file my_file.cif (mmCIF, C-alpha atoms)
data_input
loop_
_atom_site.label_atom_id
_atom_site.label_comp_id
_atom_site.auth_asym_id
_atom_site.auth_seq_id
_atom_site.Cartn_x
_atom_site.Cartn_y
_atom_site.Cartn_z
CA MET A 1086 48.92 27.43 14.60
CA SER A 1087 46.22 24.80 14.28
CA GLU A 1088 48.16 23.09 11.52
CA GLN A 1089 51.26 22.82 13.63
CA ASN A 1090 49.16 21.55 16.49
CA ALA A 1091 47.61 18.83 14.36
CA HIS A 1092 51.02 17.85 13.14
CA ALA A 1093 52.40 17.59 16.65
CA GLN A 1094 49.45 15.47 17.70
CA HIS A 1095 50.08 13.12 14.81
CA ALA A 1096 53.71 12.76 15.74
CA GLU A 1097 53.15 12.26 19.46
CA GLY A 1098 49.94 10.20 19.36
CA LYS A 1099 49.85 6.79 21.03
CA HIS A 1100 49.83 4.91 17.78
CA ALA A 1101 50.97 7.72 15.57
CA HIS A 1102 49.35 7.94 12.16
CA HIS A 1103 51.64 5.87 9.97
CA ILE A 1104 52.22 7.19 6.48
CA VAL A 1105 52.89 4.37 4.03
CA SER A 1106 55.55 5.36 1.50
CA PRO A 1107 54.96 5.54 -2.27
CA LYS A 1108 57.71 2.97 -2.67
CA THR A 1109 55.68 0.42 -0.69
CA TYR A 1110 52.59 1.24 -2.74
CA ALA A 1111 54.54 0.78 -5.97
CA LEU A 1112 55.88 -2.59 -4.82
CA ILE A 1113 52.37 -3.76 -3.91
CA LEU A 1114 51.09 -2.56 -7.29
CA LEU A 1115 53.81 -4.59 -8.97
CA ALA A 1116 52.94 -7.67 -6.90
CA LEU A 1117 49.25 -7.27 -7.78
CA LEU A 1118 50.04 -6.98 -11.48
CA VAL A 1119 52.25 -10.07 -11.35
CA GLY A 1120 49.46 -11.88 -9.50
CA THR A 1121 46.94 -10.91 -12.17
CA ALA A 1122 49.23 -12.05 -14.98
CA THR A 1123 49.88 -15.33 -13.16
CA THR A 1124 46.23 -16.06 -12.56
CA VAL A 1125 45.33 -15.37 -16.21
CA TRP A 1126 48.22 -17.55 -17.40
CA ALA A 1127 47.30 -20.35 -14.97
CA SER A 1128 43.73 -20.38 -16.25
CA TYR A 1129 44.96 -21.44 -19.70
CA VAL A 1130 46.89 -24.38 -18.28
CA ASP A 1131 44.86 -27.52 -17.62
CA LEU A 1132 45.41 -28.34 -13.96
CA GLY A 1133 42.15 -30.19 -13.45
CA ILE A 1134 40.74 -29.69 -9.98
CA TRP A 1135 43.65 -27.39 -9.11
CA ASN A 1136 42.59 -24.62 -11.50
CA PRO A 1137 40.00 -23.08 -9.17
CA VAL A 1138 42.18 -23.76 -6.13
CA ILE A 1139 45.14 -21.88 -7.62
CA ALA A 1140 42.93 -19.05 -8.89
CA LEU A 1141 41.42 -18.60 -5.42
CA ALA A 1142 44.80 -18.87 -3.70
CA ILE A 1143 46.18 -16.08 -5.92
CA ALA A 1144 43.03 -13.99 -5.35
CA CYS A 1145 43.37 -14.43 -1.57
CA THR A 1146 47.03 -13.42 -1.71
CA LYS A 1147 46.20 -10.31 -3.73
CA ALA A 1148 43.34 -9.40 -1.39
CA THR A 1149 45.63 -9.82 1.62
CA LEU A 1150 48.19 -7.47 0.07
CA VAL A 1151 45.51 -4.86 -0.62
CA VAL A 1152 44.11 -5.12 2.93
CA LEU A 1153 47.51 -5.00 4.64
CA PHE A 1154 49.14 -2.21 2.63
CA PHE A 1155 46.66 -0.22 0.54
CA MET A 1156 44.16 -0.33 3.40
CA HIS A 1157 46.89 0.23 6.01
CA VAL A 1158 45.78 -2.62 8.27
CA LYS A 1159 49.39 -3.66 8.85
CA TYR A 1160 49.97 -0.24 10.44
CA SER A 1161 46.59 0.11 12.11
CA SER A 1162 45.44 -0.18 15.71
CA LYS A 1163 44.72 -3.57 17.25
CA LEU A 1164 41.05 -2.66 17.21
CA THR A 1165 41.08 -2.37 13.41
CA MET A 1166 43.01 -5.62 13.01
CA LEU A 1167 40.57 -7.43 15.27
CA THR A 1168 37.62 -5.96 13.37
CA VAL A 1169 39.00 -7.15 10.04
CA LEU A 1170 39.78 -10.62 11.41
CA ALA A 1171 36.33 -10.86 13.01
CA GLY A 1172 34.77 -10.02 9.66
CA ILE A 1173 36.75 -12.66 7.78
CA PHE A 1174 36.06 -15.21 10.51
CA MET A 1175 32.33 -14.47 10.42
CA PHE A 1176 32.26 -14.73 6.63
CA LEU A 1177 34.09 -18.07 6.62
CA THR A 1178 31.86 -19.39 9.41
CA LEU A 1179 28.72 -18.53 7.47
CA ILE A 1180 30.05 -20.09 4.26
CA GLY A 1181 31.26 -23.13 6.19
CA MET A 1182 27.89 -23.68 7.86
CA THR A 1183 26.03 -23.25 4.59
CA LEU A 1184 28.27 -25.74 2.82
CA ALA A 1185 28.09 -28.17 5.74
CA ASP A 1186 24.33 -28.14 5.36
CA TYR A 1187 24.59 -28.48 1.60
CA ILE A 1188 26.94 -31.47 1.51
CA SER A 1189 25.35 -33.37 4.38
CA ARG A 1190 21.81 -33.48 3.05
CA ALA A 1191 20.39 -36.70 1.69
CA TRP A 1192 19.67 -35.15 -1.70
CA GLY A 1193 16.80 -36.83 -3.50
CA GLN A 1194 16.06 -39.32 -0.72
CA TRP A 1195 12.93 -37.76 0.67
CA MET B 396 34.25 20.74 25.59
CA PRO B 397 33.03 17.44 27.02
CA ASP B 398 33.43 16.85 30.76
CA SER B 399 35.71 13.89 30.38
CA SER B 400 38.29 15.97 28.60
CA ALA B 401 38.22 18.71 31.20
CA VAL B 402 38.58 16.17 34.02
CA GLU B 403 41.34 14.23 32.41
CA HIS B 404 43.54 17.07 31.39
CA GLY B 405 42.60 19.49 34.11
CA ALA B 406 43.54 22.14 31.61
CA SER B 407 41.71 25.34 31.05
CA VAL B 408 38.68 24.42 28.99
CA ALA B 409 38.66 27.73 27.19
CA ALA B 410 42.34 27.53 26.30
CA GLU B 411 41.97 24.03 24.93
CA HIS B 412 39.02 25.03 22.84
CA GLU B 413 41.10 27.63 21.10
CA GLU B 414 43.96 25.29 20.43
CA HIS B 415 42.30 22.28 18.87
CA PRO B 416 42.01 22.11 15.09
CA ALA B 417 38.71 23.21 13.62
CA TYR B 418 37.87 19.75 12.31
CA LEU B 419 37.93 18.13 15.77
CA ARG B 420 34.32 17.41 16.75
CA HIS B 421 33.49 18.34 20.33
CA HIS B 422 32.46 14.85 21.43
CA PHE B 423 35.98 13.56 20.76
CA GLU B 424 38.88 14.08 23.07
CA SER B 425 41.57 14.30 20.42
CA THR B 426 42.00 14.16 16.66
CA GLU B 427 43.63 10.79 17.25
CA GLN B 428 40.51 9.40 18.93
CA GLN B 429 38.30 10.94 16.27
CA ALA B 430 40.32 9.34 13.47
CA ASP B 431 40.28 5.94 15.23
CA ALA B 432 36.53 6.04 15.80
CA THR B 433 35.81 7.02 12.19
CA ASN B 434 38.17 4.37 10.90
CA PHE B 435 36.50 1.73 13.06
CA ALA B 436 33.07 2.78 11.80
CA MET B 437 34.25 2.55 8.20
CA TRP B 438 35.52 -0.97 8.78
CA LEU B 439 32.20 -1.97 10.37
CA PHE B 440 30.47 -0.74 7.24
CA LEU B 441 32.88 -2.74 5.09
CA LEU B 442 32.12 -5.86 7.17
CA THR B 443 28.44 -5.55 6.29
CA GLU B 444 29.55 -5.24 2.67
CA ILE B 445 31.58 -8.45 2.97
CA MET B 446 28.47 -10.24 4.29
CA PHE B 447 26.39 -8.78 1.47
CA PHE B 448 28.73 -9.91 -1.30
CA GLY B 449 29.41 -13.10 0.68
CA GLY B 450 25.83 -14.18 0.11
CA LEU B 451 26.26 -13.79 -3.64
CA PHE B 452 29.58 -15.66 -3.60
CA THR B 453 28.03 -18.53 -1.62
CA ALA B 454 25.11 -18.75 -4.04
CA TYR B 455 27.58 -18.86 -6.92
CA LEU B 456 29.64 -21.58 -5.23
CA ILE B 457 26.64 -23.84 -4.64
CA TYR B 458 24.98 -23.32 -8.03
CA ARG B 459 28.28 -23.87 -9.81
CA ASN B 460 28.55 -27.21 -8.04
CA TRP B 461 24.99 -28.04 -8.89
CA TYR B 462 24.93 -27.01 -12.55
CA TYR B 463 28.61 -27.45 -13.27
CA GLN B 464 28.37 -28.20 -17.03
CA ALA B 465 26.06 -25.26 -17.67
CA PHE B 466 28.31 -22.92 -15.66
CA VAL B 467 31.39 -24.03 -17.59
CA ALA B 468 29.72 -23.46 -20.97
CA ALA B 469 28.21 -20.13 -19.91
CA SER B 470 31.50 -18.79 -18.53
CA HIS B 471 33.11 -19.42 -21.95
CA GLN B 472 30.94 -16.54 -23.16
CA LEU B 473 33.01 -14.07 -21.14
CA SER B 474 36.11 -12.48 -22.65
CA ILE B 475 39.29 -13.02 -20.64
CA PRO B 476 41.11 -10.13 -22.41
CA LEU B 477 38.33 -7.69 -21.49
CA GLY B 478 38.06 -9.02 -17.95
CA GLY B 479 41.83 -9.00 -17.54
CA PHE B 480 42.08 -5.45 -18.88
CA ASN B 481 39.42 -4.37 -16.39
CA THR B 482 41.34 -6.04 -13.57
CA LEU B 483 44.39 -4.07 -14.66
CA LEU B 484 42.43 -0.79 -14.66
CA LEU B 485 41.01 -1.45 -11.22
CA ILE B 486 44.32 -2.45 -9.66
CA VAL B 487 46.06 0.63 -11.03
CA SER B 488 43.14 2.76 -9.81
CA SER B 489 43.65 1.29 -6.35
CA PHE B 490 47.29 2.33 -6.56
CA THR B 491 46.45 5.88 -7.63
CA MET B 492 43.91 6.04 -4.79
CA ALA B 493 46.53 4.90 -2.29
CA MET B 494 48.86 7.55 -3.69
CA GLY B 495 46.05 10.08 -3.25
CA VAL B 496 45.89 9.20 0.45
CA TRP B 497 49.64 9.66 0.64
CA CYS B 498 49.39 13.08 -1.05
CA ALA B 499 46.69 14.12 1.43
CA GLU B 500 48.80 12.93 4.36
CA THR B 501 51.85 14.81 3.14
CA ARG B 502 49.72 17.84 2.18
CA ARG B 503 50.34 17.87 -1.55
CA LYS B 504 47.23 19.51 -2.94
CA SER B 505 47.90 19.30 -6.68
CA GLY B 506 49.20 15.76 -6.27
CA LEU B 507 46.01 14.77 -4.48
CA VAL B 508 43.81 16.30 -7.19
CA LEU B 509 45.85 14.54 -9.87
CA CYS B 510 45.62 11.16 -8.10
CA LEU B 511 41.87 11.52 -7.58
CA CYS B 512 41.40 12.47 -11.24
CA MET B 513 43.41 9.45 -12.39
CA THR B 514 41.38 7.21 -10.08
CA LEU B 515 38.21 8.68 -11.56
CA VAL B 516 39.36 8.13 -15.15
CA LEU B 517 40.41 4.55 -14.42
CA GLY B 518 37.11 3.89 -12.64
CA LEU B 519 35.16 5.26 -15.60
CA GLY B 520 37.33 3.18 -17.92
CA PHE B 521 36.36 0.09 -15.96
CA LEU B 522 32.67 0.94 -16.24
CA GLY B 523 33.12 1.62 -19.96
CA VAL B 524 34.63 -1.81 -20.60
CA LYS B 525 31.93 -3.37 -18.44
CA SER B 526 29.22 -1.70 -20.53
CA VAL B 527 30.84 -3.08 -23.71
CA GLU B 528 30.65 -6.54 -22.14
CA TYR B 529 27.03 -6.05 -21.05
CA ARG B 530 26.09 -4.81 -24.50
CA GLU B 531 27.38 -8.00 -26.08
CA LYS B 532 25.29 -10.03 -23.62
CA PHE B 533 22.18 -8.08 -24.59
CA GLU B 534 22.89 -8.56 -28.28
CA LYS B 535 23.32 -12.30 -27.86
CA HIS B 536 20.21 -12.53 -25.67
CA HIS B 537 22.26 -13.84 -22.77
CA VAL B 538 20.49 -11.60 -20.30
CA PRO B 539 18.14 -13.73 -18.17
CA SER B 540 14.63 -12.83 -19.23
CA TYR B 541 11.78 -13.92 -21.46
CA HIS B 542 14.03 -13.34 -24.48
CA TYR B 543 16.88 -15.47 -23.19
CA SER B 544 18.44 -17.50 -25.99
CA LEU B 545 19.94 -20.98 -25.61
CA ASN B 546 21.42 -21.00 -29.11
CA SER B 547 25.07 -20.66 -28.04
CA PHE B 548 24.72 -23.72 -25.83
CA LEU B 549 22.44 -25.97 -27.90
CA ASP B 550 24.43 -25.28 -31.05
CA PRO B 551 27.95 -24.14 -30.02
CA ASP B 552 29.19 -24.12 -33.61
CA SER B 553 26.91 -21.17 -34.33
CA ASP B 554 28.65 -19.13 -31.61
CA GLU B 555 32.17 -17.81 -31.99
CA ALA B 556 33.11 -17.87 -28.30
CA ALA B 557 31.61 -21.32 -27.71
CA LYS B 558 33.28 -22.67 -30.83
CA ALA B 559 36.66 -21.26 -29.80
CA ALA B 560 36.34 -22.93 -26.40
CA GLY B 561 35.49 -26.24 -28.11
CA ASP B 562 32.12 -26.57 -26.40
CA LYS B 563 29.95 -29.62 -27.06
CA PRO B 564 26.19 -29.13 -27.57
CA LEU B 565 24.36 -29.33 -24.24
CA PRO B 566 21.07 -31.19 -23.77
CA LEU B 567 18.15 -28.80 -23.38
CA ASP B 568 17.64 -29.29 -19.62
CA VAL B 569 21.35 -28.66 -18.95
CA ALA B 570 21.52 -25.69 -21.32
CA ARG B 571 18.60 -24.04 -19.53
CA HIS B 572 20.74 -23.73 -16.41
CA THR B 573 23.12 -21.33 -18.17
CA GLU B 574 20.47 -18.76 -17.32
CA VAL B 575 21.29 -19.30 -13.64
CA TYR B 576 24.93 -18.51 -14.39
CA PHE B 577 24.03 -15.28 -16.15
CA SER B 578 21.62 -14.33 -13.37
CA LEU B 579 24.47 -14.59 -10.90
CA TYR B 580 26.88 -12.94 -13.33
CA PHE B 581 24.65 -9.89 -13.64
CA ALA B 582 23.79 -9.81 -9.93
CA MET B 583 27.44 -9.94 -8.88
CA THR B 584 29.05 -7.71 -11.53
CA GLY B 585 26.01 -5.41 -11.43
CA MET B 586 26.29 -4.94 -7.67
CA HIS B 587 30.01 -4.39 -8.09
CA ALA B 588 29.40 -1.85 -10.87
CA LEU B 589 26.83 -0.07 -8.70
CA HIS B 590 29.50 0.29 -6.02
CA MET B 591 31.86 1.66 -8.66
CA ILE B 592 29.24 4.19 -9.82
CA ILE B 593 28.69 5.38 -6.24
CA GLY B 594 32.48 5.57 -5.82
CA VAL B 595 32.84 7.60 -9.02
CA GLY B 596 30.20 10.03 -7.74
CA ILE B 597 32.03 10.51 -4.45
CA LEU B 598 35.31 10.91 -6.36
CA VAL B 599 33.89 13.83 -8.36
CA PHE B 600 32.74 15.43 -5.11
CA MET B 601 36.17 14.88 -3.57
CA ILE B 602 38.02 16.36 -6.54
CA PHE B 603 36.14 19.64 -6.10
CA ARG B 604 36.71 19.61 -2.35
CA ALA B 605 40.37 18.73 -2.77
CA GLN B 606 40.82 21.58 -5.19
CA ALA B 607 39.44 23.90 -2.51
CA GLY B 608 42.14 22.55 -0.20
CA ALA B 609 39.83 20.54 2.05
CA TYR B 610 41.97 17.46 2.59
CA THR B 611 45.46 18.90 2.76
CA THR B 612 45.25 20.63 6.13
CA GLY B 613 45.93 17.54 8.22
CA HIS B 614 42.36 16.22 8.20
CA VAL B 615 42.65 13.24 5.89
CA THR B 616 39.88 11.03 7.34
CA PHE B 617 37.49 11.43 4.42
CA VAL B 618 40.09 10.63 1.77
CA GLU B 619 41.41 7.75 3.84
CA ASN B 620 37.99 6.20 4.38
CA PHE B 621 37.00 6.64 0.76
CA GLY B 622 40.27 4.89 -0.04
CA LEU B 623 39.16 1.96 2.13
CA TYR B 624 35.89 1.81 0.20
CA TRP B 625 37.64 1.94 -3.18
CA HIS B 626 40.12 -0.78 -2.21
CA PHE B 627 37.27 -2.91 -0.93
CA VAL B 628 35.52 -2.66 -4.29
CA ASP B 629 38.84 -3.63 -5.88
CA ILE B 630 39.05 -6.72 -3.65
CA ILE B 631 35.55 -7.82 -4.68
CA TRP B 632 36.66 -7.67 -8.32
CA ILE B 633 39.86 -9.56 -7.49
CA PHE B 634 37.57 -12.47 -6.53
CA LEU B 635 34.91 -11.94 -9.20
CA PHE B 636 37.40 -12.06 -12.07
CA PRO B 637 38.78 -15.58 -11.45
CA LEU B 638 35.44 -16.99 -10.30
CA LEU B 639 33.40 -15.76 -13.26
CA TYR B 640 35.97 -15.64 -16.06
CA LEU B 641 38.86 -17.95 -15.34
CA ILE B 642 38.20 -21.15 -13.43
CA SER B 643 36.06 -22.99 -15.97
CA ARG B 644 38.30 -22.99 -19.00
CA HIS B 645 38.91 -26.75 -19.03
#

call {"tool": "encode", "arguments": {"input": "my_file.cif", "output": "structure tokens"}}
result
Amino acid sequence: MSEQNAHAQHAEGKHAHHIVSPKTYALILLALLVGTATTVWASYVDLGIWNPVIALAIACTKATLVVLFFMHVKYSSKLTMLTVLAGIFMFLTLIGMTLADYISRAWGQW
Amino acid sequence: MPDSSAVEHGASVAAEHEEHPAYLRHHFESTEQQADATNFAMWLFLLTEIMFFGGLFTAYLIYRNWYYQAFVAASHQLSIPLGGFNTLLLIVSSFTMAMGVWCAETRRKSGLVLCLCMTLVLGLGFLGVKSVEYREKFEKHHVPSYHYSLNSFLDPDSDEAAKAAGDKPLPLDVARHTEVYFSLYFAMTGMHALHMIIGVGILVFMIFRAQAGAYTTGHVTFVENFGLYWHFVDIIWIFLFPLLYLISRH
């Protein structure tokens, strides 16, 4: 009885609990593995200043895939999405302000 | 039952009490609301974790800029094959964890136990490889301390890894800053490993609970939120691996 009830509530809820399929998970796993292989390969190629940029771009892409699919944010409520975005925004703001201070100091001139 | 629920539904309080699933706490109106609230709380916790690791990442960013040469030489001491293999283990463990959540949602008990066990084994594998890496650092005296050795950086030809990377000997004042790199290396990977150890502990607990059928009756919140934690730890490593191992190879 209670099991059926819970099931019905899942199905009829406002934003019903979305079950991500194993196929999606497998595709994301594949993408993550390709990303890892690419980033390792790219590290052996001399791209000068672009090496860290590419490594971070791949890392950000992988992290986004994990957040959206493994962590279900793509299928979550607006509240969850906003929370995640607020966190990323806060993090970037703090890093940005720290770096702004760092690069704008008159190092060694006092 | 809380007042709000009685007012809103106007239903018989006693009748409703009998109907709701046992895992619905009385201060929530529905399982839906309970799941949302718990999920939100988990994300708030993860945000504090982002800020926590964010501080370490920022420190790394600035010190790498400052002591660039020393950071490049010191990062050549890390093994890309070992780091890459660990990345592989962690990514696959994230997949098995996600599959565990799916098994819980679709009420597959043995599948859930299997997925959790695989996640546990992969997590332990990661920690095993990490300990091999740490051991090498101890043996080479690359752990920041009184016994820290600058040999690999003052005389790269005496060190296999430095020689393979084609490092030039660093002047003493520059070489000393490699200790800053290893301080950050141990702080960041150590904090990450601590999170893994805590995760492994919770996994063991969950495997026993899952075997008793705890998560396959429709109440998947615990598995789901642990999944969020595990994936978060995976994301931290996704950034640690390129930053510490990969970006200073040229």

call {"tool": "resolve_selection", "arguments": {"input": "my_file.cif", "expression": "the PyMOL selection byres ((chain A and resi 1133) around 10)", "output": "PDB file with C-alpha atoms, in the coordinates of the input"}}
result
ATOM      1  CA  VAL A1130      46.890 -24.380 -18.280  1.00  0.00           C
ATOM      2  CA  ASP A1131      44.860 -27.520 -17.620  1.00  0.00           C
ATOM      3  CA  LEU A1132      45.410 -28.340 -13.960  1.00  0.00           C
ATOM      4  CA  ILE A1134      40.740 -29.690  -9.980  1.00  0.00           C
ATOM      5  CA  TRP A1135      43.650 -27.390  -9.110  1.00  0.00           C
ATOM      6  CA  ASN A1136      42.590 -24.620 -11.500  1.00  0.00           C
ATOM      7  CA  PRO A1137      40.000 -23.080  -9.170  1.00  0.00           C
ATOM      8  CA  VAL A1138      42.180 -23.760  -6.130  1.00  0.00           C
TER       9      VAL A1138
ATOM     10  CA  ILE B 642      38.200 -21.150 -13.430  1.00  0.00           C
ATOM     11  CA  SER B 643      36.060 -22.990 -15.970  1.00  0.00           C
ATOM     12  CA  ARG B 644      38.300 -22.990 -19.000  1.00  0.00           C
ATOM     13  CA  HIS B 645      38.910 -26.750 -19.030  1.00  0.00           C
TER      14      HIS B 645
END

call {"tool": "closest_residue", "arguments": {"input": "my_file.cif", "among": "B:Leu442, B:Val575, B:Ala582, B:Leu484", "to": "Trp461 (chain B)", "atoms": "all atoms listed in the file"}}
result
B:Val575

call {"tool": "residues_around", "arguments": {"input": "my_file.cif", "residues": "region 1159-1163 of chain A", "least_positions_apart": "5", "cutoff": "10 Å", "atoms": "all atoms listed in the file", "output": "list of chain:residue names"}}
result
A:Lys1099, A:His1100, A:Ala1101, A:His1102, A:His1103, A:Ile1104, A:Val1105, A:Leu1150, A:Val1152, A:Leu1153, A:Phe1154, A:Thr1168, A:Val1169, B:Asp431, B:Asn434, B:Phe435

call {"tool": "residues_near_point", "arguments": {"input": "my_file.cif", "point": "(46.8, 16.8, -7.0)", "cutoff": "10 Å", "atoms": "all atoms listed in the file", "output": "list of chain:residue names"}}
result
B:Gly495, B:Cys498, B:Ala499, B:Arg502, B:Arg503, B:Lys504, B:Ser505, B:Gly506, B:Leu507, B:Val508, B:Leu509, B:Cys510, B:Leu511, B:Cys512, B:Met513, B:Ile602, B:Ala605, B:Gln606

call {"tool": "residues_near_point", "arguments": {"input": "my_file.cif", "point": "(36.7, -2.8, -5.4)", "cutoff": "10 Å", "atoms": "only C-alpha atoms", "output": "number ranges by chain"}}
result
B: 482, 485-486, 488-489, 518, 587-588, 590-591, 594, 623-634

call {"tool": "resolve_selection", "arguments": {"input": "my_file.cif", "expression": "the PyMOL selection byres ((chain B and resi 546) around 12)", "output": "ChimeraX atom specification"}}
result
/B:468-469,535-537,542-545,547-555,557,564-567,570-571,573

call {"tool": "resolve_selection", "arguments": {"input": "my_file.cif", "expression": "the PyMOL selection byres ((chain B and resi 583) around 10)", "output": "list in words"}}
result
Phe448, Leu451, Phe452, Tyr455, Phe577, Ser578, Leu579, Tyr580, Phe581, Ala582, Thr584, Gly585, Met586, His587, Ala588, Leu589, Ile631, Trp632, Leu635 and Leu639 of chain B

call {"tool": "closest_residue", "arguments": {"input": "my_file.cif", "among": "B:Gln464, B:Gln429, B:Gly449, B:Tyr458", "to": "Lys563 (chain B)", "atoms": "only C-alpha atoms"}}
result
B:Gln464

call {"tool": "atom_distance", "arguments": {"input": "my_file.cif", "atom1": "CA of Thr501 (chain B)", "atom2": "CA of Thr611 (chain B)"}}
result
7.6 Å

call {"tool": "closest_residue", "arguments": {"input": "my_file.cif", "among": "B:Arg459, B:Arg604, B:His614, B:Lys525", "to": "chain A", "atoms": "all atoms listed in the file"}}
result
B:His614

call {"tool": "atom_distance", "arguments": {"input": "my_file.cif", "atom1": "CA of Phe440 (chain B)", "atom2": "CA of His421 (chain B)"}}
result
23.3 Å

call {"tool": "atom_distance", "arguments": {"input": "my_file.cif", "atom1": "CA of Ala1127 (chain A)", "atom2": "CA of Phe521 (chain B)"}}
result
23.2 Å

call {"tool": "residues_around", "arguments": {"input": "my_file.cif", "residues": "Gly1172 (chain A)", "least_positions_apart": "6", "cutoff": "9 Å", "atoms": "all atoms listed in the file", "output": "PyMOL selection string"}}
result
chain B and resi 439+441-443+445-446

call {"tool": "closest_residue", "arguments": {"input": "my_file.cif", "among": "A:Thr1121, A:Thr1146, A:Thr1165, A:Thr1178", "to": "Ala430 (chain B)", "atoms": "only C-alpha atoms"}}
result
A:Thr1165

call {"tool": "closest_residue", "arguments": {"input": "my_file.cif", "among": "A:Leu1167, A:Ser1189, A:Val1151, A:Lys1108", "to": "chain B", "atoms": "only C-alpha atoms"}}
result
A:Val1151

call {"tool": "build_atoms", "arguments": {"input": "my_file.cif", "residues": "region 465-478 of chain B", "atoms": "N, CA and C atoms", "output": "PDB file, keeping the file's coordinate frame"}}
result
ATOM      1  N   ALA B 465      26.666 -26.488 -17.153  1.00  0.00           N
ATOM      2  CA  ALA B 465      26.060 -25.260 -17.670  1.00  0.00           C
ATOM      3  C   ALA B 465      26.933 -24.056 -17.313  1.00  0.00           C
ATOM      4  N   PHE B 466      27.485 -24.052 -16.094  1.00  0.00           N
ATOM      5  CA  PHE B 466      28.310 -22.920 -15.660  1.00  0.00           C
ATOM      6  C   PHE B 466      29.597 -22.846 -16.469  1.00  0.00           C
ATOM      7  N   VAL B 467      30.171 -24.017 -16.790  1.00  0.00           N
ATOM      8  CA  VAL B 467      31.390 -24.030 -17.590  1.00  0.00           C
ATOM      9  C   VAL B 467      31.114 -23.441 -18.969  1.00  0.00           C
ATOM     10  N   ALA B 468      30.039 -23.942 -19.619  1.00  0.00           N
ATOM     11  CA  ALA B 468      29.720 -23.460 -20.970  1.00  0.00           C
ATOM     12  C   ALA B 468      29.408 -21.964 -20.950  1.00  0.00           C
ATOM     13  N   ALA B 469      28.618 -21.539 -19.952  1.00  0.00           N
ATOM     14  CA  ALA B 469      28.210 -20.130 -19.910  1.00  0.00           C
ATOM     15  C   ALA B 469      29.411 -19.217 -19.667  1.00  0.00           C
ATOM     16  N   SER B 470      30.361 -19.663 -18.824  1.00  0.00           N
ATOM     17  CA  SER B 470      31.500 -18.790 -18.530  1.00  0.00           C
ATOM     18  C   SER B 470      32.416 -18.630 -19.749  1.00  0.00           C
ATOM     19  N   HIS B 471      32.317 -19.571 -20.717  1.00  0.00           N
ATOM     20  CA  HIS B 471      33.110 -19.420 -21.950  1.00  0.00           C
ATOM     21  C   HIS B 471      32.630 -18.233 -22.778  1.00  0.00           C
ATOM     22  N   GLN B 472      31.463 -17.699 -22.433  1.00  0.00           N
ATOM     23  CA  GLN B 472      30.940 -16.540 -23.160  1.00  0.00           C
ATOM     24  C   GLN B 472      31.606 -15.238 -22.732  1.00  0.00           C
ATOM     25  N   LEU B 473      32.342 -15.292 -21.612  1.00  0.00           N
ATOM     26  CA  LEU B 473      33.010 -14.070 -21.140  1.00  0.00           C
ATOM     27  C   LEU B 473      34.381 -13.954 -21.798  1.00  0.00           C
ATOM     28  N   SER B 474      34.819 -12.718 -21.998  1.00  0.00           N
ATOM     29  CA  SER B 474      36.110 -12.480 -22.650  1.00  0.00           C
ATOM     30  C   SER B 474      37.201 -12.267 -21.612  1.00  0.00           C
ATOM     31  N   ILE B 475      38.181 -13.172 -21.586  1.00  0.00           N
ATOM     32  CA  ILE B 475      39.290 -13.020 -20.640  1.00  0.00           C
ATOM     33  C   ILE B 475      40.092 -11.747 -20.902  1.00  0.00           C
ATOM     34  N   PRO B 476      40.381 -11.394 -22.186  1.00  0.00           N
ATOM     35  CA  PRO B 476      41.110 -10.130 -22.410  1.00  0.00           C
ATOM     36  C   PRO B 476      40.388  -8.921 -21.827  1.00  0.00           C
ATOM     37  N   LEU B 477      39.063  -8.839 -22.043  1.00  0.00           N
ATOM     38  CA  LEU B 477      38.330  -7.690 -21.490  1.00  0.00           C
ATOM     39  C   LEU B 477      38.327  -7.711 -19.968  1.00  0.00           C
ATOM     40  N   GLY B 478      38.063  -8.894 -19.411  1.00  0.00           N
ATOM     41  CA  GLY B 478      38.060  -9.020 -17.950  1.00  0.00           C
ATOM     42  C   GLY B 478      39.428  -8.724 -17.363  1.00  0.00           C
TER      43      GLY B 478
END
